[in-house]
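Visitor: Structure: structure_18.txt, compact mmCIF, N, CA and C atoms.
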```txt
# COMPACT_ATOMS: atom_id res chain seq x y z
N MET A 57 -55.56 118.90 -128.69
CA MET A 57 -56.33 119.55 -129.74
C MET A 57 -55.42 119.87 -130.92
N ILE A 58 -54.14 120.11 -130.64
CA ILE A 58 -53.23 120.45 -131.74
C ILE A 58 -53.09 119.28 -132.71
N TRP A 59 -53.14 118.06 -132.19
CA TRP A 59 -53.07 116.91 -133.09
C TRP A 59 -54.32 116.83 -133.96
N TRP A 60 -55.46 117.18 -133.38
CA TRP A 60 -56.72 117.17 -134.11
C TRP A 60 -56.64 118.13 -135.30
N VAL A 61 -56.11 119.32 -135.05
CA VAL A 61 -55.99 120.33 -136.11
C VAL A 61 -54.90 119.94 -137.10
N TRP A 62 -53.77 119.44 -136.60
CA TRP A 62 -52.64 119.11 -137.47
C TRP A 62 -53.00 118.00 -138.45
N PHE A 63 -53.77 117.01 -137.99
CA PHE A 63 -54.19 115.92 -138.87
C PHE A 63 -55.41 116.28 -139.70
N ARG A 64 -56.01 117.45 -139.46
CA ARG A 64 -57.21 117.90 -140.16
C ARG A 64 -58.35 116.87 -140.03
N LEU A 65 -58.54 116.41 -138.80
CA LEU A 65 -59.59 115.42 -138.56
C LEU A 65 -60.95 116.11 -138.49
N GLN A 66 -61.96 115.46 -138.96
CA GLN A 66 -63.33 115.95 -138.91
C GLN A 66 -64.20 115.10 -137.99
N ARG A 67 -63.85 113.84 -137.86
CA ARG A 67 -64.64 112.90 -137.07
C ARG A 67 -63.74 112.09 -136.17
N PRO A 68 -64.18 111.63 -135.06
CA PRO A 68 -65.47 111.83 -134.43
C PRO A 68 -65.60 113.24 -133.85
N VAL A 69 -66.76 113.81 -133.99
CA VAL A 69 -66.98 115.21 -133.60
C VAL A 69 -67.05 115.40 -132.09
N TRP A 70 -67.20 114.34 -131.34
CA TRP A 70 -67.31 114.46 -129.89
C TRP A 70 -65.97 114.70 -129.22
N ILE A 71 -64.86 114.43 -129.88
CA ILE A 71 -63.55 114.55 -129.24
C ILE A 71 -63.25 115.98 -128.78
N PRO A 72 -63.43 117.02 -129.59
CA PRO A 72 -63.15 118.37 -129.07
C PRO A 72 -64.03 118.76 -127.89
N ARG A 73 -65.29 118.32 -127.88
CA ARG A 73 -66.18 118.65 -126.77
C ARG A 73 -65.74 117.95 -125.48
N VAL A 74 -65.39 116.68 -125.60
CA VAL A 74 -64.92 115.94 -124.43
C VAL A 74 -63.61 116.52 -123.93
N LEU A 75 -62.73 116.89 -124.84
CA LEU A 75 -61.46 117.50 -124.46
C LEU A 75 -61.68 118.80 -123.70
N ALA A 76 -62.61 119.61 -124.16
CA ALA A 76 -62.91 120.87 -123.47
C ALA A 76 -63.50 120.60 -122.08
N ALA A 77 -64.38 119.63 -121.97
CA ALA A 77 -65.00 119.32 -120.67
C ALA A 77 -63.97 118.79 -119.68
N VAL A 78 -63.10 117.89 -120.12
CA VAL A 78 -62.09 117.33 -119.22
C VAL A 78 -61.07 118.40 -118.83
N THR A 79 -60.72 119.27 -119.75
CA THR A 79 -59.79 120.35 -119.44
C THR A 79 -60.41 121.29 -118.41
N LEU A 80 -61.68 121.61 -118.55
CA LEU A 80 -62.36 122.45 -117.57
C LEU A 80 -62.41 121.76 -116.21
N LEU A 81 -62.66 120.46 -116.20
CA LEU A 81 -62.65 119.69 -114.96
C LEU A 81 -61.28 119.75 -114.29
N LEU A 82 -60.21 119.63 -115.07
CA LEU A 82 -58.86 119.71 -114.51
C LEU A 82 -58.57 121.09 -113.93
N ILE A 83 -58.96 122.13 -114.63
CA ILE A 83 -58.72 123.50 -114.15
C ILE A 83 -59.45 123.73 -112.83
N VAL A 84 -60.72 123.36 -112.77
CA VAL A 84 -61.49 123.55 -111.54
C VAL A 84 -60.93 122.69 -110.41
N GLY A 85 -60.56 121.45 -110.73
CA GLY A 85 -60.01 120.56 -109.71
C GLY A 85 -58.71 121.06 -109.13
N PHE A 86 -57.80 121.52 -109.98
CA PHE A 86 -56.53 122.05 -109.48
C PHE A 86 -56.75 123.34 -108.70
N PHE A 87 -57.70 124.15 -109.10
CA PHE A 87 -58.00 125.38 -108.37
C PHE A 87 -58.55 125.07 -106.98
N VAL A 88 -59.40 124.06 -106.89
CA VAL A 88 -60.01 123.70 -105.61
C VAL A 88 -58.98 123.14 -104.64
N LEU A 89 -57.94 122.46 -105.14
CA LEU A 89 -56.94 121.86 -104.27
C LEU A 89 -55.85 122.83 -103.84
N ARG A 90 -55.92 124.07 -104.23
CA ARG A 90 -54.91 125.06 -103.84
C ARG A 90 -55.25 125.67 -102.48
N PRO A 91 -54.25 126.27 -101.83
CA PRO A 91 -54.39 126.73 -100.44
C PRO A 91 -55.58 127.61 -100.09
N PRO A 92 -56.05 128.55 -100.88
CA PRO A 92 -57.17 129.34 -100.37
C PRO A 92 -58.44 128.52 -100.13
N ILE A 93 -58.64 127.47 -100.90
CA ILE A 93 -59.88 126.70 -100.81
C ILE A 93 -59.67 125.35 -100.14
N ALA A 94 -58.54 124.72 -100.37
CA ALA A 94 -58.31 123.35 -99.90
C ALA A 94 -58.49 123.14 -98.40
N PRO A 95 -58.08 124.06 -97.53
CA PRO A 95 -58.27 123.80 -96.09
C PRO A 95 -59.74 123.71 -95.68
N HIS A 96 -60.63 124.23 -96.47
CA HIS A 96 -62.05 124.22 -96.13
C HIS A 96 -62.78 122.99 -96.68
N ILE A 97 -62.06 122.15 -97.39
CA ILE A 97 -62.66 120.94 -97.97
C ILE A 97 -62.25 119.75 -97.11
N PRO A 98 -63.19 118.86 -96.77
CA PRO A 98 -62.83 117.68 -95.96
C PRO A 98 -61.77 116.82 -96.66
N TYR A 99 -60.92 116.22 -95.86
CA TYR A 99 -59.81 115.43 -96.40
C TYR A 99 -60.25 114.33 -97.36
N PRO A 100 -61.27 113.50 -97.04
CA PRO A 100 -61.67 112.45 -97.99
C PRO A 100 -62.10 113.02 -99.34
N LEU A 101 -62.74 114.18 -99.33
CA LEU A 101 -63.15 114.79 -100.60
C LEU A 101 -61.93 115.27 -101.38
N ARG A 102 -60.93 115.83 -100.67
CA ARG A 102 -59.70 116.25 -101.36
C ARG A 102 -58.98 115.06 -102.00
N VAL A 103 -58.96 113.94 -101.29
CA VAL A 103 -58.33 112.74 -101.86
C VAL A 103 -59.11 112.28 -103.09
N GLY A 104 -60.43 112.30 -103.00
CA GLY A 104 -61.25 111.91 -104.16
C GLY A 104 -61.04 112.83 -105.34
N ILE A 105 -60.94 114.12 -105.09
CA ILE A 105 -60.67 115.08 -106.18
C ILE A 105 -59.30 114.82 -106.77
N GLY A 106 -58.32 114.52 -105.92
CA GLY A 106 -56.98 114.21 -106.42
C GLY A 106 -56.97 112.98 -107.31
N HIS A 107 -57.71 111.95 -106.92
CA HIS A 107 -57.80 110.74 -107.75
C HIS A 107 -58.54 111.04 -109.06
N ALA A 108 -59.59 111.85 -108.99
CA ALA A 108 -60.32 112.22 -110.20
C ALA A 108 -59.41 112.99 -111.16
N LEU A 109 -58.56 113.85 -110.62
CA LEU A 109 -57.62 114.59 -111.47
C LEU A 109 -56.59 113.65 -112.10
N ASP A 110 -56.13 112.67 -111.33
CA ASP A 110 -55.19 111.69 -111.90
C ASP A 110 -55.83 110.91 -113.05
N PHE A 111 -57.05 110.44 -112.83
CA PHE A 111 -57.73 109.69 -113.88
C PHE A 111 -58.09 110.57 -115.08
N SER A 112 -58.40 111.84 -114.84
CA SER A 112 -58.68 112.76 -115.94
C SER A 112 -57.43 112.97 -116.80
N GLY A 113 -56.29 113.10 -116.14
CA GLY A 113 -55.03 113.22 -116.88
C GLY A 113 -54.74 111.98 -117.71
N LEU A 114 -55.00 110.81 -117.13
CA LEU A 114 -54.82 109.57 -117.87
C LEU A 114 -55.79 109.51 -119.06
N PHE A 115 -57.02 109.95 -118.84
CA PHE A 115 -58.00 109.97 -119.92
C PHE A 115 -57.55 110.89 -121.06
N LEU A 116 -56.94 112.04 -120.72
CA LEU A 116 -56.42 112.93 -121.76
C LEU A 116 -55.31 112.26 -122.56
N GLU A 117 -54.48 111.47 -121.89
CA GLU A 117 -53.43 110.73 -122.60
C GLU A 117 -54.04 109.72 -123.58
N VAL A 118 -55.07 109.02 -123.13
CA VAL A 118 -55.74 108.05 -124.00
C VAL A 118 -56.41 108.76 -125.17
N LEU A 119 -57.02 109.90 -124.91
CA LEU A 119 -57.65 110.68 -125.97
C LEU A 119 -56.61 111.16 -126.99
N MET A 120 -55.45 111.58 -126.51
CA MET A 120 -54.38 112.00 -127.42
C MET A 120 -53.92 110.83 -128.28
N LEU A 121 -53.81 109.66 -127.68
CA LEU A 121 -53.42 108.47 -128.43
C LEU A 121 -54.46 108.13 -129.48
N LEU A 122 -55.74 108.25 -129.13
CA LEU A 122 -56.81 107.97 -130.09
C LEU A 122 -56.74 108.92 -131.28
N VAL A 123 -56.54 110.21 -131.00
CA VAL A 123 -56.44 111.20 -132.09
C VAL A 123 -55.23 110.90 -132.96
N ALA A 124 -54.12 110.52 -132.36
CA ALA A 124 -52.92 110.20 -133.14
C ALA A 124 -53.14 108.97 -134.01
N VAL A 125 -53.79 107.95 -133.47
CA VAL A 125 -54.07 106.75 -134.26
C VAL A 125 -54.99 107.08 -135.43
N LEU A 126 -56.04 107.86 -135.17
CA LEU A 126 -56.94 108.24 -136.27
C LEU A 126 -56.20 109.07 -137.31
N GLY A 127 -55.33 109.97 -136.86
CA GLY A 127 -54.57 110.79 -137.79
C GLY A 127 -53.58 109.99 -138.61
N ILE A 128 -52.91 109.03 -137.98
CA ILE A 128 -51.96 108.18 -138.70
C ILE A 128 -52.69 107.33 -139.72
N ARG A 129 -53.87 106.84 -139.36
CA ARG A 129 -54.64 106.06 -140.33
C ARG A 129 -55.09 106.92 -141.51
N LYS A 130 -55.39 108.19 -141.24
CA LYS A 130 -55.84 109.09 -142.31
C LYS A 130 -54.67 109.52 -143.19
N GLN A 131 -53.54 109.90 -142.58
CA GLN A 131 -52.41 110.44 -143.32
C GLN A 131 -51.55 109.36 -143.99
N GLY A 132 -51.58 108.17 -143.43
CA GLY A 132 -50.74 107.11 -143.98
C GLY A 132 -49.31 107.22 -143.46
N LEU A 133 -48.36 107.00 -144.31
CA LEU A 133 -46.95 106.98 -143.93
C LEU A 133 -46.47 108.32 -143.37
N GLU A 134 -46.99 109.41 -143.89
CA GLU A 134 -46.58 110.73 -143.40
C GLU A 134 -47.05 110.99 -141.97
N GLY A 135 -48.08 110.32 -141.53
CA GLY A 135 -48.60 110.52 -140.18
C GLY A 135 -47.69 109.96 -139.10
N TRP A 136 -46.80 109.05 -139.46
CA TRP A 136 -45.91 108.45 -138.47
C TRP A 136 -44.87 109.42 -137.94
N ILE A 137 -44.76 110.59 -138.55
CA ILE A 137 -43.78 111.57 -138.08
C ILE A 137 -44.11 112.08 -136.68
N VAL A 138 -45.36 111.94 -136.23
CA VAL A 138 -45.75 112.42 -134.90
C VAL A 138 -45.38 111.44 -133.80
N LEU A 139 -44.95 110.24 -134.14
CA LEU A 139 -44.70 109.23 -133.13
C LEU A 139 -43.66 109.64 -132.07
N PRO A 140 -42.50 110.20 -132.44
CA PRO A 140 -41.56 110.61 -131.38
C PRO A 140 -42.14 111.68 -130.45
N ALA A 141 -42.81 112.66 -131.01
CA ALA A 141 -43.41 113.70 -130.17
C ALA A 141 -44.51 113.13 -129.30
N LEU A 142 -45.30 112.23 -129.85
CA LEU A 142 -46.37 111.59 -129.09
C LEU A 142 -45.81 110.81 -127.90
N LEU A 143 -44.72 110.09 -128.11
CA LEU A 143 -44.11 109.33 -127.03
C LEU A 143 -43.57 110.25 -125.94
N LEU A 144 -42.92 111.34 -126.33
CA LEU A 144 -42.37 112.27 -125.33
C LEU A 144 -43.48 112.96 -124.53
N VAL A 145 -44.52 113.39 -125.21
CA VAL A 145 -45.63 114.04 -124.50
C VAL A 145 -46.34 113.03 -123.61
N GLY A 146 -46.48 111.80 -124.07
CA GLY A 146 -47.11 110.77 -123.26
C GLY A 146 -46.33 110.43 -122.01
N ILE A 147 -45.01 110.35 -122.13
CA ILE A 147 -44.17 110.08 -120.97
C ILE A 147 -44.23 111.24 -119.99
N ALA A 148 -44.18 112.45 -120.49
CA ALA A 148 -44.22 113.63 -119.62
C ALA A 148 -45.57 113.76 -118.91
N GLY A 149 -46.62 113.23 -119.49
CA GLY A 149 -47.94 113.32 -118.88
C GLY A 149 -48.13 112.42 -117.68
N PHE A 150 -47.24 111.47 -117.46
CA PHE A 150 -47.38 110.55 -116.34
C PHE A 150 -46.59 110.98 -115.12
N ARG A 151 -46.25 112.25 -115.01
CA ARG A 151 -45.58 112.72 -113.80
C ARG A 151 -46.61 112.80 -112.68
N PRO A 152 -46.23 112.42 -111.48
CA PRO A 152 -47.19 112.48 -110.38
C PRO A 152 -47.45 113.91 -109.95
N SER A 153 -48.64 114.15 -109.44
CA SER A 153 -48.96 115.46 -108.93
C SER A 153 -48.25 115.66 -107.59
N SER A 154 -48.21 116.88 -107.14
CA SER A 154 -47.52 117.20 -105.90
C SER A 154 -48.22 116.57 -104.72
N PRO A 155 -47.48 115.91 -103.82
CA PRO A 155 -48.13 115.34 -102.65
C PRO A 155 -48.73 116.41 -101.75
N CYS A 156 -48.27 117.64 -101.87
CA CYS A 156 -48.81 118.73 -101.03
C CYS A 156 -50.22 119.11 -101.45
N SER A 157 -50.58 118.85 -102.69
CA SER A 157 -51.87 119.31 -103.18
C SER A 157 -53.02 118.53 -102.55
N VAL A 158 -52.76 117.32 -102.06
CA VAL A 158 -53.84 116.53 -101.48
C VAL A 158 -53.72 116.47 -99.96
N SER A 159 -52.55 116.14 -99.45
CA SER A 159 -52.43 115.95 -98.00
C SER A 159 -51.07 116.43 -97.51
N PRO A 160 -51.00 117.63 -96.98
CA PRO A 160 -49.73 118.08 -96.42
C PRO A 160 -49.40 117.31 -95.15
N THR A 161 -48.13 117.13 -94.91
CA THR A 161 -47.67 116.42 -93.73
C THR A 161 -47.13 117.42 -92.73
N ALA A 162 -47.59 117.32 -91.51
CA ALA A 162 -47.19 118.29 -90.49
C ALA A 162 -45.76 118.08 -90.02
N GLY A 163 -45.20 116.87 -90.20
CA GLY A 163 -43.87 116.58 -89.67
C GLY A 163 -42.73 117.14 -90.48
N SER A 164 -42.92 117.47 -91.72
CA SER A 164 -41.81 117.96 -92.53
C SER A 164 -41.78 119.48 -92.51
N PRO A 165 -40.59 120.08 -92.69
CA PRO A 165 -40.49 121.54 -92.62
C PRO A 165 -41.32 122.26 -93.68
N SER A 166 -41.41 121.69 -94.85
CA SER A 166 -42.15 122.36 -95.92
C SER A 166 -43.63 122.04 -95.89
N GLY A 167 -44.02 121.08 -95.05
CA GLY A 167 -45.42 120.68 -95.00
C GLY A 167 -45.77 119.66 -96.05
N CYS A 168 -44.75 119.17 -96.78
CA CYS A 168 -44.97 118.21 -97.84
C CYS A 168 -44.31 116.89 -97.49
N SER A 169 -44.94 115.82 -97.89
CA SER A 169 -44.38 114.50 -97.67
C SER A 169 -43.61 114.06 -98.89
N SER A 170 -42.51 113.37 -98.68
CA SER A 170 -41.77 112.83 -99.82
C SER A 170 -42.13 111.38 -100.06
N ALA A 171 -43.16 110.90 -99.40
CA ALA A 171 -43.61 109.52 -99.58
C ALA A 171 -44.24 109.37 -100.95
N PRO A 172 -44.17 108.16 -101.52
CA PRO A 172 -44.79 107.95 -102.83
C PRO A 172 -46.30 108.16 -102.77
N LEU A 173 -46.85 108.50 -103.91
CA LEU A 173 -48.29 108.74 -103.98
C LEU A 173 -49.06 107.45 -103.81
N SER A 174 -50.24 107.56 -103.28
CA SER A 174 -51.08 106.39 -103.07
C SER A 174 -52.10 106.23 -104.18
N SER A 175 -51.94 106.98 -105.25
CA SER A 175 -52.88 106.89 -106.36
C SER A 175 -52.76 105.54 -107.05
N PRO A 176 -53.90 104.93 -107.44
CA PRO A 176 -53.83 103.63 -108.12
C PRO A 176 -53.10 103.70 -109.45
N ILE A 177 -53.03 104.86 -110.07
CA ILE A 177 -52.35 104.97 -111.35
C ILE A 177 -50.85 104.78 -111.19
N TYR A 178 -50.30 105.28 -110.08
CA TYR A 178 -48.85 105.25 -109.89
C TYR A 178 -48.38 104.06 -109.08
N SER A 179 -49.26 103.16 -108.70
CA SER A 179 -48.86 102.06 -107.85
C SER A 179 -48.56 100.79 -108.65
N TRP A 180 -48.44 100.85 -109.92
CA TRP A 180 -48.16 99.67 -110.72
C TRP A 180 -46.70 99.54 -110.82
```
Please lay out the structure from this file as structure tokens.
Guide:
Amino acid sequence: MIWWVWFRLQRPVWIPRVLAAVTLLLIVGFFVLRPPIAPHIPYPLRVGIGHALDFSGLFLEVLMLLVAVLGIRKQGLEGWIVLPALLLVGIAGFRPSSPCSVSPTAGSPSGCSSAPLSSPIYSW
């Protein structure tokens, strides 16, 4: 949203609404996968919620890229100053979520597996 305000974009008007909805989805999803609630949710549903959260995060990255492209087109040469920050934020956004949030492993002392994630986003 900060890019939207910084570029003084007015259109498309659906972007702030979609951003708010996806952010709310992420907050609820992360809350549901935490210990007070997660043990009461069936494992396949927890995995599905984890994948939905991964794809929502990827969607936010694409939305940020769209806002940056629209802003650069509007601002012209001055808009390119956001490119280094956009790249750093984009790279930081692709960190995998904790393996403990979806499926704890009983064999490890901490209850967490150090195995790579099985999410389709991270398997490329």
Visitor: Could you tell me which of A:Ile83, A:Val78, A:Ala94, A:Leu142 comes closest to Met120 (chain A) if we count only N, CA and C atoms?
Guide: A:Leu142
Visitor: In terms of the shortest atom-to-atom distance over only C-alpha atoms, which of A:Leu81, A:Ala148, A:Ile97, A:Trp59 is closest to Leu122 (chain A)?
Guide: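 Checking each candidate against Leu122 (chain A), we get A:Trp59 as the closest.
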Visitor: Name all residues at most 9 Å from region 84-90 of chain A (count only C-alpha atoms; drop same-chain ones fewer than 5 positions away) and give them as a JSON list (two decimals) with N, CA and C atoms, in the coordinates of the input.
Guide:
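Final file, part.json:
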```json
[["chain", "number", "residue", "atom", "x", "y", "z"],
["A", 79, "THR", "N", -60.72, 119.27, -119.75],
["A", 79, "THR", "CA", -59.79, 120.35, -119.44],
["A", 79, "THR", "C", -60.41, 121.29, -118.41],
["A", 95, "PRO", "N", -58.08, 124.06, -97.53],
["A", 95, "PRO", "CA", -58.27, 123.80, -96.09],
["A", 95, "PRO", "C", -59.74, 123.71, -95.68],
["A", 97, "ILE", "N", -62.06, 122.15, -97.39],
["A", 97, "ILE", "CA", -62.66, 120.94, -97.97],
["A", 97, "ILE", "C", -62.25, 119.75, -97.11],
["A", 102, "ARG", "N", -60.93, 115.83, -100.67],
["A", 102, "ARG", "CA", -59.70, 116.25, -101.36],
["A", 102, "ARG", "C", -58.98, 115.06, -102.00],
["A", 105, "ILE", "N", -60.94, 114.12, -105.09],
["A", 105, "ILE", "CA", -60.67, 115.08, -106.18],
["A", 105, "ILE", "C", -59.30, 114.82, -106.77],
["A", 106, "GLY", "N", -58.32, 114.52, -105.92],
["A", 106, "GLY", "CA", -56.98, 114.21, -106.42],
["A", 106, "GLY", "C", -56.97, 112.98, -107.31],
["A", 108, "ALA", "N", -59.59, 111.85, -108.99],
["A", 108, "ALA", "CA", -60.32, 112.22, -110.20],
["A", 108, "ALA", "C", -59.41, 112.99, -111.16],
["A", 109, "LEU", "N", -58.56, 113.85, -110.62],
["A", 109, "LEU", "CA", -57.62, 114.59, -111.47],
["A", 109, "LEU", "C", -56.59, 113.65, -112.10],
["A", 157, "SER", "N", -50.58, 118.85, -102.69],
["A", 157, "SER", "CA", -51.87, 119.31, -103.18],
["A", 157, "SER", "C", -53.02, 118.53, -102.55],
["A", 158, "VAL", "N", -52.76, 117.32, -102.06],
["A", 158, "VAL", "CA", -53.84, 116.53, -101.48],
["A", 158, "VAL", "C", -53.72, 116.47, -99.96]]
```
Visitor: Which residues come within 8 Å of region 61-64 of chain A, counting all atoms listed in the file, excluding same-chain residues fewer than 3 positions away, as a list of chain:residue names?
Guide: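 That gives A:Met57, A:Ile58, A:Arg67, A:Val123, A:Leu126, A:Gly127, A:Ile128, A:Lys130, A:Gln131, A:Gly135.
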Visitor: For Gly149 (chain A), please output as JSON, numbers by chain all residues within 8 Å (counting only N, CA and C atoms; exclusion window: fewer than 6 positions along the same chain).
Guide: {"A": [113, 114, 117, 143]}
Visitor: Report the distance between CA of Val103 (chain A) and CA of Val74 (chain A) in Å, rounded to one decimal place.
Guide: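 Straight-line distance from CA of Val103 (chain A) to CA of Val74 (chain A) works out to 23.7 Å.
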Visitor: Could you tell me how far CA of Trp60 (chain A) sits from atom C of Ile147 (chain A), in Å to one decimal place?
Guide: 19.8 Å
Visitor: In Å, with one decimal, what is the gap from CA of Leu119 (chain A) to atom N of Pro68 (chain A)?
Guide: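 CA of Leu119 (chain A) sits 11.2 Å away from atom N of Pro68 (chain A).
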Visitor: Which centre and which edge lengths, in Å to one decimal, describe the axis-aligned box that holds all listed atoms of region 114-126 of chain A after 3 Å is added on each side, as AutoDock Vina command-line options?
Guide:
```
--center_x -55.5 --center_y 109.8 --center_z -127.2 --size_x 11.1 --size_y 12.2 --size_z 26.2
```
